[in-house]
Amino acid sequence: MASRLLVKGVSKTLKKVKNGSILWQPPALLQAAPMPITKPRAVFLSYASEDADVARRICGALQRIGAEVWFEDGERGGDAWEAKTRQQIRDCALFLPLISANTGEKCEGCFRTEWKLAADRSIQQPRGAPFINPVLIDFTNERGTPVPEAFLAVKWIRLLGRDIPMAFALRLMELAAGAAETVGASAGSAEKPAAVVPAVTPKEGAPRAWLGWGIGAVAAALLLAFGCSRR
């Protein structure tokens, strides 16, 4: 009696596997963990001291929509400032140099140190990476003001007036996200992520080995039933 129930149970299980009512996934085929989503990183504001008011307004507009802004408000210079600035320019997603008549008139200044560090970093980046985004805050001609060559190779933004448009801030956030993705893809190119193996269900076609195991189980049950009946 017990052997008949065993055979009947195995037969029902095979039918369920065949029609797909039981989902089966081989234990060896594990799904790889999803890759973490890269979040936009900080925006670095570089400006001449005479343009600090405009820099503060841009900083405020970006912070209001959730951006992280690296903005040195106050005196700049010294070894500690330079070490901090080097680190921030190496890590930021966007570098925003504010260009004006004030920057054009000054051959030296902390902002020129920042510009050089950003230009040096841009050389190591993939072509087209949205890192440097010069912002003209007056009617200065972009071709007539002294800036690094790296600045002339990218598109400039002109921002006039006291109010900072929301569209301007949102566009910078979008660029920051794109810059973070570009850097993430470049950093991950040397090491390929583990391939994701999709789960397999019987409806997609269960492996023959599984069906063979099921048939073998039925055969074993029949042999057991036959042996019990002879006793």
# chains A, B, ... in the order shown; residues from 1 in each chain; ligands from 1

$ residues_around --residues "Leu96 of chain A" --least-positions-apart "4" --cutoff "8 Å" --atoms "only C-alpha atoms" --output "ChimeraX atom specification"
/A:43-46,132-135

$ residues_around --residues "segment 107-122 of chain A" --least-positions-apart "2" --cutoff "9 Å" --atoms "only C-alpha atoms" --output "list in words"
Ser46, Tyr47, Ala48, Ser49, Arg76, Gly77, Glu82, Thr85, Arg86, Ile89, Arg90, Phe95, Pro97, Thr103, Gly104, Glu105, Gln124, Gln125, Pro126, Arg127, Ala129, Phe131, Ile132, Pro146, Val147, Pro148, Glu149, Ala150 and Phe151 of chain A

$ write_last_selection --atoms "N, CA and C atoms" --output "PDB file, in the first residue's frame"
ATOM      1  N   SER A  46      34.553  77.244  -8.906  1.00  0.00           N
ATOM      2  CA  SER A  46      35.807  77.991  -8.930  1.00  0.00           C
ATOM      3  C   SER A  46      35.520  79.410  -9.407  1.00  0.00           C
ATOM      4  N   TYR A  47      36.030  80.403  -8.687  1.00  0.00           N
ATOM      5  CA  TYR A  47      35.661  81.786  -9.009  1.00  0.00           C
ATOM      6  C   TYR A  47      36.741  82.753  -8.521  1.00  0.00           C
ATOM      7  N   ALA A  48      36.754  83.932  -9.097  1.00  0.00           N
ATOM      8  CA  ALA A  48      37.601  85.006  -8.594  1.00  0.00           C
ATOM      9  C   ALA A  48      36.905  85.627  -7.390  1.00  0.00           C
ATOM     10  N   SER A  49      37.665  86.146  -6.454  1.00  0.00           N
ATOM     11  CA  SER A  49      37.073  86.694  -5.229  1.00  0.00           C
ATOM     12  C   SER A  49      36.075  87.801  -5.522  1.00  0.00           C
ATOM     13  N   ARG A  76      41.274  82.071   0.701  1.00  0.00           N
ATOM     14  CA  ARG A  76      41.849  80.859   0.131  1.00  0.00           C
ATOM     15  C   ARG A  76      43.351  81.007   0.039  1.00  0.00           C
ATOM     16  N   GLY A  77      44.041  79.893   0.079  1.00  0.00           N
ATOM     17  CA  GLY A  77      45.498  79.921   0.013  1.00  0.00           C
ATOM     18  C   GLY A  77      46.114  79.136   1.158  1.00  0.00           C
ATOM     19  N   GLU A  82      45.439  74.121  -0.352  1.00  0.00           N
ATOM     20  CA  GLU A  82      45.858  73.495  -1.608  1.00  0.00           C
ATOM     21  C   GLU A  82      45.662  71.980  -1.568  1.00  0.00           C
ATOM     22  N   THR A  85      41.952  71.319  -1.856  1.00  0.00           N
ATOM     23  CA  THR A  85      41.477  71.640  -3.202  1.00  0.00           C
ATOM     24  C   THR A  85      41.884  70.556  -4.195  1.00  0.00           C
ATOM     25  N   ARG A  86      43.097  70.076  -4.091  1.00  0.00           N
ATOM     26  CA  ARG A  86      43.555  69.004  -4.981  1.00  0.00           C
ATOM     27  C   ARG A  86      42.659  67.769  -4.848  1.00  0.00           C
ATOM     28  N   ILE A  89      39.034  68.500  -6.318  1.00  0.00           N
ATOM     29  CA  ILE A  89      39.001  68.549  -7.786  1.00  0.00           C
ATOM     30  C   ILE A  89      39.239  67.160  -8.368  1.00  0.00           C
ATOM     31  N   ARG A  90      39.982  66.343  -7.669  1.00  0.00           N
ATOM     32  CA  ARG A  90      40.189  64.963  -8.128  1.00  0.00           C
ATOM     33  C   ARG A  90      38.913  64.131  -7.969  1.00  0.00           C
ATOM     34  N   PHE A  95      33.291  70.387 -12.625  1.00  0.00           N
ATOM     35  CA  PHE A  95      34.112  71.536 -12.268  1.00  0.00           C
ATOM     36  C   PHE A  95      33.525  72.747 -12.973  1.00  0.00           C
ATOM     37  N   PRO A  97      34.076  76.524 -13.525  1.00  0.00           N
ATOM     38  CA  PRO A  97      34.834  77.774 -13.405  1.00  0.00           C
ATOM     39  C   PRO A  97      33.952  78.955 -13.839  1.00  0.00           C
ATOM     40  N   THR A 103      38.148  87.595 -13.917  1.00  0.00           N
ATOM     41  CA  THR A 103      39.147  86.539 -14.097  1.00  0.00           C
ATOM     42  C   THR A 103      40.095  86.894 -15.239  1.00  0.00           C
ATOM     43  N   GLY A 104      39.575  87.585 -16.254  1.00  0.00           N
ATOM     44  CA  GLY A 104      40.427  87.961 -17.384  1.00  0.00           C
ATOM     45  C   GLY A 104      41.485  88.971 -17.016  1.00  0.00           C
ATOM     46  N   GLU A 105      41.195  89.798 -16.023  1.00  0.00           N
ATOM     47  CA  GLU A 105      42.129  90.857 -15.637  1.00  0.00           C
ATOM     48  C   GLU A 105      43.210  90.367 -14.665  1.00  0.00           C
ATOM     49  N   GLN A 124      43.180  63.044 -18.424  1.00  0.00           N
ATOM     50  CA  GLN A 124      43.112  61.610 -18.139  1.00  0.00           C
ATOM     51  C   GLN A 124      41.711  61.037 -18.323  1.00  0.00           C
ATOM     52  N   GLN A 125      40.740  61.871 -18.646  1.00  0.00           N
ATOM     53  CA  GLN A 125      39.360  61.405 -18.755  1.00  0.00           C
ATOM     54  C   GLN A 125      39.014  60.985 -20.171  1.00  0.00           C
ATOM     55  N   PRO A 126      37.962  60.165 -20.333  1.00  0.00           N
ATOM     56  CA  PRO A 126      37.532  59.769 -21.672  1.00  0.00           C
ATOM     57  C   PRO A 126      37.081  60.993 -22.474  1.00  0.00           C
ATOM     58  N   ARG A 127      37.217  60.911 -23.761  1.00  0.00           N
ATOM     59  CA  ARG A 127      36.807  62.011 -24.619  1.00  0.00           C
ATOM     60  C   ARG A 127      35.298  62.239 -24.485  1.00  0.00           C
ATOM     61  N   ALA A 129      33.799  63.423 -21.781  1.00  0.00           N
ATOM     62  CA  ALA A 129      33.330  63.356 -20.390  1.00  0.00           C
ATOM     63  C   ALA A 129      32.896  64.747 -19.942  1.00  0.00           C
ATOM     64  N   PHE A 131      33.019  66.978 -17.622  1.00  0.00           N
ATOM     65  CA  PHE A 131      33.667  67.362 -16.369  1.00  0.00           C
ATOM     66  C   PHE A 131      33.776  68.874 -16.222  1.00  0.00           C
ATOM     67  N   ILE A 132      34.461  69.513 -17.138  1.00  0.00           N
ATOM     68  CA  ILE A 132      34.634  70.976 -17.070  1.00  0.00           C
ATOM     69  C   ILE A 132      33.462  71.656 -17.771  1.00  0.00           C
ATOM     70  N   PRO A 146      41.909  84.742 -21.155  1.00  0.00           N
ATOM     71  CA  PRO A 146      42.934  83.720 -20.909  1.00  0.00           C
ATOM     72  C   PRO A 146      42.409  82.580 -20.028  1.00  0.00           C
ATOM     73  N   VAL A 147      42.280  81.411 -20.643  1.00  0.00           N
ATOM     74  CA  VAL A 147      41.838  80.205 -19.936  1.00  0.00           C
ATOM     75  C   VAL A 147      42.672  79.029 -20.431  1.00  0.00           C
ATOM     76  N   PRO A 148      42.706  77.931 -19.705  1.00  0.00           N
ATOM     77  CA  PRO A 148      43.420  76.737 -20.191  1.00  0.00           C
ATOM     78  C   PRO A 148      42.797  76.200 -21.481  1.00  0.00           C
ATOM     79  N   GLU A 149      43.591  75.531 -22.280  1.00  0.00           N
ATOM     80  CA  GLU A 149      43.116  74.956 -23.539  1.00  0.00           C
ATOM     81  C   GLU A 149      41.953  73.996 -23.327  1.00  0.00           C
ATOM     82  N   ALA A 150      41.969  73.290 -22.223  1.00  0.00           N
ATOM     83  CA  ALA A 150      40.898  72.330 -21.949  1.00  0.00           C
ATOM     84  C   ALA A 150      39.540  73.018 -21.866  1.00  0.00           C
ATOM     85  N   PHE A 151      39.512  74.287 -21.455  1.00  0.00           N
ATOM     86  CA  PHE A 151      38.239  75.009 -21.360  1.00  0.00           C
ATOM     87  C   PHE A 151      37.675  75.307 -22.747  1.00  0.00           C
TER      88      PHE A 151
END

$ atom_distance --atom1 "atom CA of Lys155 of chain A" --atom2 "atom CA of Gln63 of chain A"
23.4 Å

$ decode --residues "segment 126-172 of chain A" --atoms "C-alpha atoms" --output "short mmCIF file (atom, residue, chain, number, x, y, z; two decimals), in the first residue's frame"
data_model
loop_
_atom_site.label_atom_id
_atom_site.label_comp_id
_atom_site.auth_asym_id
_atom_site.auth_seq_id
_atom_site.Cartn_x
_atom_site.Cartn_y
_atom_site.Cartn_z
CA PRO A 126 37.53 59.77 -21.67
CA ARG A 127 36.81 62.01 -24.62
CA GLY A 128 33.49 63.82 -24.17
CA ALA A 129 33.33 63.36 -20.39
CA PRO A 130 31.16 66.20 -18.98
CA PHE A 131 33.67 67.36 -16.37
CA ILE A 132 34.63 70.98 -17.07
CA ASN A 133 31.68 73.34 -17.62
CA PRO A 134 32.80 76.98 -17.92
CA VAL A 135 30.11 79.50 -16.94
CA LEU A 136 30.27 83.03 -18.37
CA ILE A 137 28.67 85.41 -15.88
CA ASP A 138 29.00 88.60 -17.95
CA PHE A 139 29.51 89.60 -21.59
CA THR A 140 33.13 88.45 -21.75
CA ASN A 141 34.11 86.86 -25.07
CA GLU A 142 35.10 83.26 -24.45
CA ARG A 143 37.71 83.38 -27.20
CA GLY A 144 39.30 86.53 -25.88
CA THR A 145 39.92 85.63 -22.25
CA PRO A 146 42.93 83.72 -20.91
CA VAL A 147 41.84 80.20 -19.94
CA PRO A 148 43.42 76.74 -20.19
CA GLU A 149 43.12 74.96 -23.54
CA ALA A 150 40.90 72.33 -21.95
CA PHE A 151 38.24 75.01 -21.36
CA LEU A 152 38.11 75.89 -25.05
CA ALA A 153 37.46 72.28 -26.03
CA VAL A 154 34.05 72.19 -24.29
CA LYS A 155 30.76 74.04 -24.53
CA TRP A 156 30.35 77.13 -22.36
CA ILE A 157 27.26 78.29 -20.49
CA ARG A 158 26.33 81.98 -20.30
CA LEU A 159 24.48 83.04 -17.16
CA LEU A 160 23.37 86.67 -16.88
CA GLY A 161 21.27 88.43 -14.26
CA ARG A 162 20.92 87.98 -10.50
CA ASP A 163 18.37 85.17 -10.55
CA ILE A 164 19.66 81.64 -11.12
CA PRO A 165 17.15 79.78 -13.35
CA MET A 166 15.92 76.43 -12.10
CA ALA A 167 16.63 74.98 -15.56
CA PHE A 168 20.30 75.92 -15.12
CA ALA A 169 20.58 74.09 -11.78
CA LEU A 170 18.70 71.03 -13.06
CA ARG A 171 20.92 70.86 -16.13
CA LEU A 172 24.02 70.84 -13.93
#
